[in-house]
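Dumped model_39.txt below, it's compact mmCIF, C-alpha atoms:
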```txt
# COMPACT_ATOMS: atom_id res chain seq x y z
CA MET A 1062 21.70 -10.13 -8.37
CA ALA A 1063 18.46 -12.09 -8.63
CA TYR A 1064 15.19 -10.42 -9.62
CA TYR A 1065 11.84 -12.20 -9.49
CA ASN A 1066 9.54 -11.70 -12.47
CA SER A 1067 5.83 -12.48 -12.58
CA LYS A 1068 4.91 -14.98 -15.27
CA GLY A 1069 1.12 -14.79 -15.27
CA GLY A 1070 -0.88 -17.84 -16.27
CA LEU A 1071 -3.59 -19.43 -14.13
CA PRO A 1072 -3.35 -22.01 -11.34
CA PRO A 1073 -4.79 -25.47 -12.08
CA GLN A 1074 -8.35 -26.35 -11.13
CA THR A 1075 -6.93 -28.83 -8.60
CA GLN A 1076 -5.28 -26.12 -6.51
CA ILE A 1077 -6.86 -25.26 -3.17
CA THR A 1078 -7.77 -21.61 -2.62
CA THR A 1079 -6.07 -21.22 0.77
CA ASP A 1080 -3.29 -18.67 0.31
CA ARG A 1081 -1.36 -15.91 2.07
CA ALA A 1082 -3.31 -13.01 0.56
CA MET A 1083 -4.39 -10.53 3.24
CA PHE A 1084 -6.05 -7.13 3.26
CA THR A 1085 -6.34 -5.33 6.60
CA GLU A 1086 -6.79 -1.74 7.77
CA SER A 1087 -3.04 -1.40 8.37
CA TYR A 1088 -1.36 -3.63 5.78
CA ALA A 1089 -1.92 -5.85 2.76
CA VAL A 1090 -0.06 -8.85 1.35
CA ILE A 1091 -0.40 -9.70 -2.34
CA PRO A 1092 1.40 -13.04 -2.81
CA LYS A 1093 3.04 -13.98 -6.09
CA GLY A 1094 0.33 -16.57 -6.82
CA VAL A 1095 -2.20 -13.75 -7.25
CA PHE A 1096 -0.33 -12.40 -10.30
CA SER A 1097 -2.45 -14.29 -12.82
CA ASP A 1098 -3.49 -13.42 -16.37
CA ILE A 1099 -7.04 -12.49 -15.33
CA VAL A 1100 -5.93 -9.60 -13.12
CA THR A 1101 -3.69 -7.82 -15.62
CA SER A 1102 -4.50 -4.35 -16.94
CA LEU A 1103 -3.95 -2.64 -20.29
CA LEU A 1104 -3.25 1.08 -20.68
CA PRO A 1105 -4.21 3.44 -23.52
CA GLY A 1106 -1.15 4.54 -25.47
CA TRP A 1107 0.89 1.44 -24.54
CA GLU A 1108 1.62 -1.21 -27.17
CA SER A 1109 2.39 -4.91 -26.52
CA THR A 1110 2.20 -4.19 -22.79
CA ARG A 1111 0.32 -5.58 -19.82
CA LEU A 1112 0.70 -4.79 -16.15
CA TRP A 1113 -0.35 -5.75 -12.66
CA VAL A 1114 -1.49 -2.81 -10.52
CA ILE A 1115 -0.32 -3.63 -7.00
CA ALA A 1116 -0.91 -0.27 -5.29
CA ARG A 1117 -3.10 2.72 -6.02
CA PRO A 1118 -4.45 5.69 -4.04
CA LEU A 1119 -7.58 4.33 -2.40
CA SER A 1120 -9.40 5.02 0.86
CA GLY A 1121 -8.11 2.46 3.34
CA PHE A 1122 -5.17 1.47 1.13
CA ALA A 1123 -2.18 3.27 -0.42
CA GLU A 1124 -2.42 7.03 0.04
CA THR A 1125 0.72 8.48 -1.56
CA PHE A 1126 1.66 6.33 -4.55
CA SER A 1127 0.75 3.76 -7.17
CA GLN A 1128 2.91 0.85 -8.30
CA TYR A 1129 2.73 -1.29 -11.43
CA VAL A 1130 4.55 -4.48 -12.38
CA VAL A 1131 4.93 -4.04 -16.15
CA GLU A 1132 5.63 -6.58 -18.90
CA VAL A 1133 6.54 -5.16 -22.33
CA GLY A 1134 6.86 -7.32 -25.42
CA PRO A 1135 9.36 -6.84 -28.24
CA GLY A 1136 8.74 -3.50 -29.96
CA GLY A 1137 6.26 -2.48 -27.28
CA GLY A 1138 6.12 0.57 -25.06
CA SER A 1139 4.71 4.08 -25.20
CA ASP A 1140 5.62 7.48 -26.58
CA ASP A 1141 3.29 9.18 -24.08
CA PRO A 1142 3.34 7.01 -20.93
CA GLU A 1143 2.20 9.48 -18.26
CA THR A 1144 -1.19 11.17 -18.63
CA GLU A 1145 -1.39 13.03 -15.30
CA ALA A 1146 0.45 16.35 -14.91
CA GLY A 1147 2.73 16.80 -11.91
CA THR A 1148 3.54 13.09 -11.60
CA GLU A 1149 7.05 11.86 -10.87
CA ALA A 1150 8.14 8.29 -11.53
CA VAL A 1151 10.70 5.64 -10.68
CA LEU A 1152 11.36 2.75 -13.05
CA PHE A 1153 13.26 -0.35 -11.89
CA VAL A 1154 14.07 -3.08 -14.41
CA THR A 1155 13.95 -6.73 -13.31
CA SER A 1156 14.52 -8.49 -16.65
CA GLY A 1157 15.38 -7.68 -20.23
CA SER A 1158 16.16 -4.20 -21.47
CA VAL A 1159 14.19 -1.03 -22.11
CA THR A 1160 15.18 2.23 -23.76
CA VAL A 1161 13.94 5.25 -21.82
CA THR A 1162 14.13 8.71 -23.38
CA ILE A 1163 13.89 11.56 -20.84
CA ASP A 1164 13.84 15.12 -22.19
CA ASP A 1165 15.26 13.84 -25.51
CA GLU A 1166 18.18 12.01 -23.82
CA GLU A 1167 18.18 8.26 -24.44
CA HIS A 1168 19.12 5.71 -21.78
CA VAL A 1169 19.22 1.90 -21.96
CA LEU A 1170 18.18 0.20 -18.70
CA THR A 1171 19.05 -3.44 -18.12
CA GLU A 1172 18.48 -5.70 -15.07
CA GLY A 1173 18.89 -3.64 -11.91
CA GLY A 1174 18.47 -0.41 -13.89
CA TYR A 1175 16.88 2.56 -12.13
CA ALA A 1176 15.45 5.78 -13.53
CA PHE A 1177 13.96 8.71 -11.61
CA ILE A 1178 11.80 10.89 -13.84
CA PRO A 1179 10.91 14.39 -12.54
CA PRO A 1180 7.32 15.63 -12.85
CA SER A 1181 8.09 18.28 -15.49
CA SER A 1182 10.09 15.92 -17.74
CA THR A 1183 8.73 14.40 -20.93
CA TRP A 1184 9.61 10.78 -21.48
CA LYS A 1185 8.93 7.65 -23.47
CA LEU A 1186 9.82 3.98 -23.15
CA ARG A 1187 10.41 1.26 -25.73
CA ASN A 1188 11.51 -2.36 -25.71
CA GLU A 1189 13.84 -2.42 -28.71
CA THR A 1190 14.92 -6.03 -28.17
CA GLY A 1191 13.45 -9.36 -29.25
CA GLU A 1192 12.74 -10.50 -25.68
CA LEU A 1193 10.20 -9.62 -22.99
CA ALA A 1194 11.18 -6.84 -20.58
CA ASN A 1195 9.85 -6.43 -17.04
CA PHE A 1196 10.02 -3.41 -14.77
CA HIS A 1197 8.37 -1.73 -11.80
CA TRP A 1198 6.77 1.67 -12.35
CA ILE A 1199 6.18 3.70 -9.20
CA ARG A 1200 4.16 6.92 -9.59
CA LYS A 1201 3.65 9.75 -7.13
CA ALA A 1202 2.16 13.25 -7.31
CA TYR A 1203 5.18 15.46 -6.63
CA GLN A 1204 4.84 17.70 -3.58
CA PRO A 1205 6.70 21.00 -4.16
CA ALA A 1206 8.28 22.79 -1.18
CA PRO A 1207 9.05 26.51 -0.84
CA GLY A 1208 12.60 27.34 -1.89
CA ILE A 1209 13.30 23.77 -3.08
CA ASP A 1210 14.04 23.09 -6.74
CA GLU A 1211 12.58 20.12 -8.56
CA PRO A 1212 15.04 17.21 -8.72
CA GLU A 1213 16.82 16.29 -11.93
CA PRO A 1214 16.57 12.93 -13.71
CA VAL A 1215 18.63 10.10 -12.21
CA ILE A 1216 19.88 7.07 -14.13
CA ALA A 1217 21.67 4.30 -12.21
CA ASN A 1218 22.02 0.55 -11.79
CA GLU A 1219 21.90 -1.38 -8.54
CA ASN A 1220 24.87 -3.47 -9.61
CA ASP A 1221 27.08 -0.36 -9.76
CA ILE A 1222 26.24 0.91 -6.25
CA ALA A 1223 27.77 -0.37 -3.03
CA PRO A 1224 25.05 -1.03 -0.42
CA THR A 1225 25.15 1.14 2.71
CA PRO A 1226 25.29 -1.04 5.85
CA MET A 1227 22.84 -0.14 8.59
CA PRO A 1228 24.50 0.83 11.90
CA ASP A 1229 25.58 -1.89 14.33
CA CYS A 1230 24.44 -4.78 12.09
CA ASP A 1231 27.82 -6.25 11.00
CA GLY A 1232 26.65 -6.08 7.38
CA ALA A 1233 23.57 -8.26 7.92
CA TRP A 1234 21.21 -5.42 6.90
CA SER A 1235 21.99 -2.88 4.18
CA THR A 1236 20.31 -0.46 1.77
CA THR A 1237 21.18 0.36 -1.84
CA ARG A 1238 20.37 4.05 -2.33
CA PHE A 1239 19.94 5.64 -5.74
CA VAL A 1240 19.68 9.24 -4.51
CA ASP A 1241 21.24 11.10 -1.60
CA PRO A 1242 18.83 10.72 1.37
CA THR A 1243 19.68 14.27 2.50
CA ASP A 1244 18.61 15.77 -0.86
CA LEU A 1245 15.41 17.59 0.09
CA ARG A 1246 14.37 17.97 -3.53
CA HIS A 1247 13.16 14.37 -3.39
CA ASP A 1248 9.84 13.65 -1.69
CA MET A 1249 10.09 9.88 -2.12
CA HIS A 1250 12.82 7.28 -1.91
CA VAL A 1251 12.92 3.98 -3.78
CA THR A 1252 15.73 1.73 -2.57
CA VAL A 1253 16.73 -1.94 -2.47
CA VAL A 1254 16.94 -3.40 1.03
CA THR A 1255 19.09 -6.50 1.57
CA PHE A 1256 19.31 -8.93 4.49
CA GLU A 1257 21.91 -11.64 4.71
CA PRO A 1258 20.57 -15.04 5.85
CA GLY A 1259 19.52 -14.69 9.48
CA GLY A 1260 19.56 -10.88 9.36
CA VAL A 1261 16.80 -9.06 11.20
CA ILE A 1262 15.07 -5.76 11.78
CA PRO A 1263 15.60 -6.01 15.55
CA PHE A 1264 12.73 -3.76 16.66
CA ALA A 1265 9.19 -2.91 15.59
CA GLU A 1266 9.68 0.04 13.25
CA THR A 1267 6.75 2.41 13.71
CA HIS A 1268 6.93 5.58 11.62
CA VAL A 1269 5.03 8.04 9.48
CA MET A 1270 6.36 6.81 6.11
CA GLU A 1271 4.02 4.68 4.03
CA HIS A 1272 5.71 1.64 2.49
CA GLY A 1273 5.46 -0.54 -0.57
CA LEU A 1274 7.73 -3.61 -0.48
CA TYR A 1275 8.13 -5.96 -3.45
CA VAL A 1276 10.26 -9.01 -2.68
CA LEU A 1277 12.94 -9.42 -5.35
CA GLU A 1278 14.77 -12.42 -3.90
CA GLY A 1279 14.66 -14.90 -1.03
CA LYS A 1280 12.22 -15.40 1.81
CA ALA A 1281 11.55 -14.09 5.32
CA VAL A 1282 9.06 -13.86 8.13
CA TYR A 1283 7.81 -10.27 8.22
CA ARG A 1284 5.97 -8.62 11.09
CA LEU A 1285 3.04 -6.53 9.90
CA ASN A 1286 1.21 -4.81 12.75
CA GLN A 1287 0.70 -7.69 15.22
CA ASP A 1288 1.00 -10.52 12.68
CA TRP A 1289 4.02 -12.50 11.52
CA VAL A 1290 3.64 -13.39 7.83
CA GLU A 1291 5.82 -15.58 5.62
CA VAL A 1292 6.83 -13.83 2.40
CA GLU A 1293 8.95 -14.85 -0.57
CA ALA A 1294 10.23 -13.56 -3.91
CA GLY A 1295 7.34 -12.19 -5.98
CA ASP A 1296 5.21 -11.09 -3.02
CA PHE A 1297 4.15 -7.47 -2.44
CA MET A 1298 3.44 -5.82 0.92
CA TRP A 1299 1.77 -2.48 1.56
CA LEU A 1300 2.20 -0.88 4.99
CA ARG A 1301 0.10 2.03 6.14
CA ALA A 1302 1.80 4.89 8.00
CA PHE A 1303 2.65 3.84 11.58
CA CYS A 1304 2.11 0.14 10.89
CA PRO A 1305 4.71 -1.66 13.08
CA GLN A 1306 7.13 -3.77 11.08
CA ALA A 1307 10.07 -6.10 11.71
CA CYS A 1308 11.75 -8.93 9.84
CA TYR A 1309 13.65 -12.23 10.14
CA ALA A 1310 15.43 -13.25 6.92
CA GLY A 1311 14.90 -16.97 6.50
CA GLY A 1312 17.77 -17.97 4.20
CA PRO A 1313 19.39 -19.90 2.67
CA GLY A 1314 20.18 -16.93 0.41
CA LYS A 1315 19.76 -13.18 0.62
CA PHE A 1316 16.36 -11.59 1.27
CA ARG A 1317 15.94 -8.46 -0.85
CA TYR A 1318 13.07 -6.13 -1.62
CA LEU A 1319 12.32 -2.97 -3.56
CA LEU A 1320 11.15 -0.38 -1.04
CA TYR A 1321 9.06 2.77 -1.54
CA LYS A 1322 8.57 5.44 1.10
CA ASP A 1323 7.42 9.06 1.15
CA VAL A 1324 9.91 11.48 2.77
CA ASN A 1325 11.07 15.06 3.36
CA ARG A 1326 7.77 16.95 3.47
CA HIS A 1327 5.41 18.55 6.01
CA MET A 1328 2.26 16.58 6.81
CA PRO A 1329 -0.77 18.23 5.14
CA LEU A 1330 -3.18 19.50 7.79
CA THR A 1331 -6.10 19.94 5.40
CA LEU A 1332 -7.35 16.73 3.86
CA SER A 1333 -8.37 16.92 0.22
CA ARG A 1334 -12.05 16.36 -0.41
```
Would you give me this structure, written as structure tokens?
Amino acid sequence: MAYYNSKGGLPPQTQITTDRAMFTESYAVIPKGVFSDIVTSLLPGWESTRLWVIARPLSGFAETFSQYVVEVGPGGGSDDPETEAGTEAVLFVTSGSVTVTIDDEEHVLTEGGYAFIPPSSTWKLRNETGELANFHWIRKAYQPAPGIDEPEPVIANENDIAPTPMPDCDGAWSTTRFVDPTDLRHDMHVTVVTFEPGGVIPFAETHVMEHGLYVLEGKAVYRLNQDWVEVEAGDFMWLRAFCPQACYAGGPGKFRYLLYKDVNRHMPLTLSR
């Protein structure tokens, strides 16, 4: 599997500023060229670490989650990574190796490695190698449901899971699922979606789930609301609930992205103030 990793740096002074970056009321596109050194963030309690914040709860933007692209140097990491109670997390490793300890149980995640961390778990993360490590960190405030237990930790690797073909697509469109989609304990799903060259989403999906899509590999033309936008490995897309979406995978290789969506819960009828 191929996994794009942001490298930072700055574009040369000779580069023109025209780009594919877009921010609208229904979607946003953050192209890979935006991931420069001057937009990185540092976090208290994290050592030898920098990150790009690509989604955060914000009026008119992401409502249910935040997402970081994290780069950890040798020996770096945190013994107290999460500061907000009730927060669940998914980690997805795109290069190198990190050691994640969840409730005193140690796990080594390599490329394609996935970890779901429940909101009541304690955890820490360290890069115990001599090379940089890169991973995505998706955070969400867990939404309990009556009679539903909190989910347990999940450790997996994309390379060990057979993708599930979508119906009537002859294998052109598939999804790698890390948790059972019928497990109501989970209020979010993070999956890897794969299109073979020429594969499509053959209709304008319009649904209540909010989406974050980070392109891991390949290129495509993606429909966002009424616009068709070219995207490639390293780009991030945010889609508001009910934003129509469709896709044509452009080839010559696979088009794959890491997908977030909120699931399995009633819609709150009282907005928080």
My list of candidates is A:Arg1117, A:Lys1185, A:Arg1301, A:His1268. Which is closest to Thr1085 (chain A) when distances are computed with all atoms listed in the file?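 The closest residue to Thr1085 (chain A) is A:Arg1301.
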Name the residues, using the chain letters and numbers of the file, that sit within 6 Å of (-4.4, -16.7, -12.7) when counting only C-alpha atoms, and give them as a PDB file with C-alpha atoms, keeping the file's coordinate frame.
```
ATOM      1  CA  GLY A1070      -0.880 -17.840 -16.270  1.00  0.00           C
ATOM      2  CA  LEU A1071      -3.590 -19.430 -14.130  1.00  0.00           C
ATOM      3  CA  PRO A1072      -3.350 -22.010 -11.340  1.00  0.00           C
ATOM      4  CA  SER A1097      -2.450 -14.290 -12.820  1.00  0.00           C
ATOM      5  CA  ASP A1098      -3.490 -13.420 -16.370  1.00  0.00           C
ATOM      6  CA  ILE A1099      -7.040 -12.490 -15.330  1.00  0.00           C
TER       7      ILE A1099
END
```
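Remark: for Ala1082 (chain A), the closest of the candidate residues A:Gly1260, A:Asp1288, A:Val1095, A:Val1154 is A:Val1095 (distances computed over all atoms listed in the file).
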Excluding Thr1144 (chain A) and residues on its chain fewer than 4 positions from it, collect all residues at most 10 Å away from it, counting all atoms listed in the file, and give them as a list in words.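 So the residues in contact are Pro1105, Gly1106 and Thr1148 of chain A.
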Export C-alpha atoms of the chosen residues as a CSV table (one decimal), keeping the file's coordinate frame?
```
chain,number,residue,atom,x,y,z
A,1105,PRO,CA,-4.2,3.4,-23.5
A,1106,GLY,CA,-1.2,4.5,-25.5
A,1148,THR,CA,3.5,13.1,-11.6
```
Which residue out of A:Met1062, A:Leu1193, A:Leu1104, A:Val1090 has the minimum interatomic distance to Tyr1283 (chain A) when only C-alpha atoms are used?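 Counting only C-alpha atoms, the residue closest to Tyr1283 (chain A) is A:Val1090.
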For Val1161 (chain A): contacts at 9 Å, only C-alpha atoms, fewer than 4 positions along chain excluded, given as a CSV table (one decimal) with C-alpha atoms, in the coordinates of the input:
```csv
chain,number,residue,atom,x,y,z
A,1166,GLU,CA,18.2,12.0,-23.8
A,1167,GLU,CA,18.2,8.3,-24.4
A,1168,HIS,CA,19.1,5.7,-21.8
A,1169,VAL,CA,19.2,1.9,-22.0
A,1170,LEU,CA,18.2,0.2,-18.7
A,1176,ALA,CA,15.4,5.8,-13.5
A,1184,TRP,CA,9.6,10.8,-21.5
A,1185,LYS,CA,8.9,7.6,-23.5
A,1186,LEU,CA,9.8,4.0,-23.2
A,1187,ARG,CA,10.4,1.3,-25.7
A,1188,ASN,CA,11.5,-2.4,-25.7
```
Report as a PyMOL selection string all protein, DNA and RNA residues lying within 8 Å of Arg1200 (chain A), evaluated on all atoms listed in the file, omitting residues in the same chain fewer than 5 positions from it. chain A and resi 1126-1128+1148-1151
Work out how far CA of Val1269 (chain A) is from CA of His1247 (chain A), in Å to one decimal.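 Between these atoms lies a distance of 16.5 Å.
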Among A:Ala1123, A:Arg1317, A:Pro1228, A:Asp1141, Glu1271 (chain A) is approached most closely, using only C-alpha atoms, by A:Ala1123
Using all atoms listed in the file, pick whichever of A:Asp1221, A:Glu1086, A:Glu1189, A:Asp1248 has the shortest atom-to-atom distance to Gly1173 (chain A).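 Using all atoms listed in the file, Gly1173 (chain A) sits closest to A:Asp1221.
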Can you work out the spacing between CA of Phe1177 (chain A) and CA of Asp1210 (chain A) in Å, to one decimal?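 One can read the CA of Phe1177 (chain A) to CA of Asp1210 (chain A) distance as 15.2 Å.
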Taking all listed atoms of region 1296-1300 of chain A, build the axis-aligned box, pad each of the six sides by 4 Å, then write its centre and edge lengths in Å to one decimal as JSON.
```
{"center_x": 3.5, "center_y": -6.0, "center_z": 1.0, "size_x": 11.4, "size_y": 18.2, "size_z": 16.0}
```
Name the residues, using the chain letters and numbers of the file, that sit within 9 Å of (-1.9, -15.1, -0.2) when counting all atoms listed in the file, and give them as a list in words.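 Checked against the point, the hits come out as Thr1079, Asp1080, Arg1081, Ala1082, Met1083, Val1090, Ile1091, Pro1092, Lys1093, Gly1094, Val1095 and Asp1296 of chain A.
Considering all atoms listed in the file, the residue among A:Glu1211, A:Asp1164, A:Glu1132, A:Glu1108 positioned nearest to Ser1067 (chain A) is A:Glu1132.
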Residue contacts of Asp1231 (chain A) (12 Å, only C-alpha atoms) excluding same-chain residues fewer than 2 positions away, as a list in words: Thr1225, Pro1226, Met1227, Pro1228, Asp1229, Ala1233, Trp1234, Ser1235, Phe1256, Glu1257, Gly1259, Gly1260 and Val1261 of chain A
Atom-to-atom span, CA of Val1292 (chain A) and CA of Lys1280 (chain A), Å: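 CA of Lys1280 (chain A) lies at a distance of 5.6 Å from CA of Val1292 (chain A).
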Distance query Leu1112 (chain A) at most 12 Å, all atoms listed in the file, self and fewer than 3 positions along chain excluded, as a ChimeraX atom specification: /A:1066-1069,1096-1104,1107-1109,1115-1116,1128-1134,1138,1194-1198
